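A.B. asks: Attaching a single structure in structure tokens format; questions to follow.
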Amino acid sequence: MSWYKPADVGFATRSWLANLGHGTRLFLRLLATFGSSFKRFGLVRDQIHFLGNYSLVIIAISGLFVGFVFALQGYYTLLRFGSTEALGQLVTFTLVRELGPVVTALLFAGRAGTSLTAEIGLMKAGEQISVMEMMAVDPIQRILAPRFWGGVIAMPLLAAVFSAMGVIGGWVVGVLMLGIDAGSFWSQIQGSVDVWRDVGNGIVKSIVFGFTVTFVALLQGYNSQPTPEGVASATTRTVVVASLAVLGLDFILTAMMFTK
Amino acid sequence: MQRSKIDVWVGLFVMVGAAAILFLALQAANLLNLNFQPTYRITAEFDNVGGLKPKASVRSGGVVVGRIEDISFNDQTFQARVTIDMQSRYVFPKDSSLKILTSGLLGEQYIGIQAGGNEENLAAGDIIRQTQSAVVLENLIGQFLFSKTADESSTAAPTLPATATTDKK
């Protein structure tokens, strides 16, 4: 495409606007399925099982190792200021406020989002979605909605597991390996972490990211070209778009929540 | 059979997630130890509160006996007004004095309360005026330099830069 031709610029702008409108309409239709999806909770439950349970191991192990690394790095930096007791505070703040929701969302996009996109893209390539439409079964209601709500429910739980495992990882390295006093480790955390401001906002972030990642994955799958190349590029786009959206949203949410 | 198996696994997953949230709320944020104990509210006026923040602790002998609820400015006396919630189980004499202290060299600031000798105890709504402001580093350095130069001019000692280097040793 040549960008200097006015007609092409106009076409690109129009199709971009049409995509935005289509995406918004799909998002609103998915939100509107809230009530009906929970009437047939079996479908949502299967998706929680697929998206949540199977991601649990990678999330828990990643959280643990992020906690390990943070405690190690933080310890040697804090050692220079003679305040190694603040290690727990450092690890917990970073995990609960930022790394927990963000890294979980990135992993979730890679682990679960891609499988959603590929699954729906292949359904489209196999014309299963067209068949459903012919049988007057709404594919958004039957295929997309359970996956959407399954992802939205699974994501905050996974982020909480990530943060909790990270704090435990920080405790293992800080207290068990590097010999920080366990009492001051926990009391420093408890003295500074606030339930609503830190833990609560972290959960709000992870819910927002759950909506973002799951929706991007479904949109890319639903809009993919029904060919092998189309599904492949849609899967790639899921990871790229979801990751960038999560990082951008994280900045906005942090600016809204933690600056006074 | 297959259905109920998935139910169990999903239930387990939700439970693990809920346990993680509970862990963060209870162990990290210490929700259980939030003070739901009855408190009485007093105010204190300071010339300068320095870096004191709401939610900072009020301690006596190192033990937390209250929390700072609010810090505002009183434009009648031109002083900082600090509202404090004291725990009802601790009572202090009416003429107790307050002092802004720092935990550690660069730590958080808190208020230390020093008991006085009055027979009557502090009650809700009392205002404490016997206070000692936060230490402001600039004032301290200014005072130090001022007293140094005052000393030197009386003994006709060397100039200021020279004393600065001898002080470092």
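Quick note on naming: the chains in the structure tokens go A, B, ... in the order shown, residues restart at 1 in each chain, and ligands are numbered from 1 in order of appearance.
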If we count only C-alpha atoms, which residues of chain B reach to within 8 Å of chain A? Please list them as a list in words.
C.D. replies: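 Close enough to count are Ile6, Asp7, Trp9, Val10, Phe13, Val14, Val16, Gly17, Ala18, Ala20, Ile21, Phe23, Leu24, Ala25, Gln27, Ala28, Ala29, Asn30 and Leu31 of chain B.
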A.B. asks: So that I can see what lies close to Pro226 in chain A, please list as JSON, numbers by chain the residues with an atom at most 10 Å from it, counting only C-alpha atoms and leaving out residues fewer than 2 positions away in the same chain.
C.D. replies: {"A": [120, 121, 122, 123, 124, 125, 126, 127, 221, 222, 223, 224, 228, 229, 230, 231]}
A.B. asks: Considering only C-alpha atoms, return as an MDAnalysis selection string whatever protein or nucleic-acid residues lie within 12 Å of Val58 in chain B, sequence-local ones (same chain, fewer than 3 positions apart) excluded.
C.D. replies: chainID B and resid 42 44 52:55 61:69 82:87 90 97:103 108:114
A.B. asks: Closest to Asp75 in chain B among B:Asp47, B:Ile127, B:Phe144, B:Arg59, using only C-alpha atoms?
C.D. replies: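 So, comparing all the options, the nearest one is B:Asp47.
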A.B. asks: Quick one: pick out all strand (DSSP E or B) residues within range 77-134 of chain B from a backbone DSSP run and write them as a ChimeraX atom specification.
C.D. replies: /B:79-87,93,97-102,109-114,121,127-128,131-132
A.B. asks: Could you jot down the CA of Leu30 in chain A to CA of Ala118 in chain A separation for me, Å, one decimal place?
C.D. replies: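 Those two atoms sit 19.0 Å apart.
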A.B. asks: What's the 8 Å shell around Val241 in chain A, counting only C-alpha atoms, without same-chain residues fewer than 4 positions away, as a PyMOL selection string?
C.D. replies: chain A and resi 216+237+245
A.B. asks: Write out, as a short mmCIF file (atom, residue, chain, number, x, y, z; two decimals), in the first residue's frame, the residues just selected, with C-alpha atoms.
C.D. replies:
```
data_model
loop_
_atom_site.label_atom_id
_atom_site.label_comp_id
_atom_site.auth_asym_id
_atom_site.auth_seq_id
_atom_site.Cartn_x
_atom_site.Cartn_y
_atom_site.Cartn_z
CA VAL A 216 -8.33 -9.25 22.17
CA ARG A 237 -1.46 -10.48 16.52
CA ALA A 245 -2.68 -3.10 25.41
#
```
A.B. asks: Can you tell me, as a PyMOL selection string, what residues are no more than 6 Å from Gly166 in chain A when counting only C-alpha atoms, ignoring any on the same chain fewer than 6 positions away?
C.D. replies: chain A and resi 63-64+67
A.B. asks: Which residues, written as a list in words, have at least one atom at most 9 Å from Ala145 in chain A, with only C-alpha atoms counted and residues fewer than 4 positions away on the same chain left out?
C.D. replies: Arg29, Leu30, Leu31, Thr33, Phe34, Ser37, Val44, Pro139, Ile140, Gln141, Trp149 and Gly150 of chain A
A.B. asks: Just the number, please: distance in Å from CA of Gly169 in chain A to CA of Tyr75 in chain A, one decimal.
C.D. replies: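 Separation of CA of Gly169 in chain A and CA of Tyr75 in chain A: 13.2 Å.
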A.B. asks: Quick one: distance from CA of Val239 in chain A to CA of Ala109 in chain A in Å, one decimal?
C.D. replies: 5.8 Å
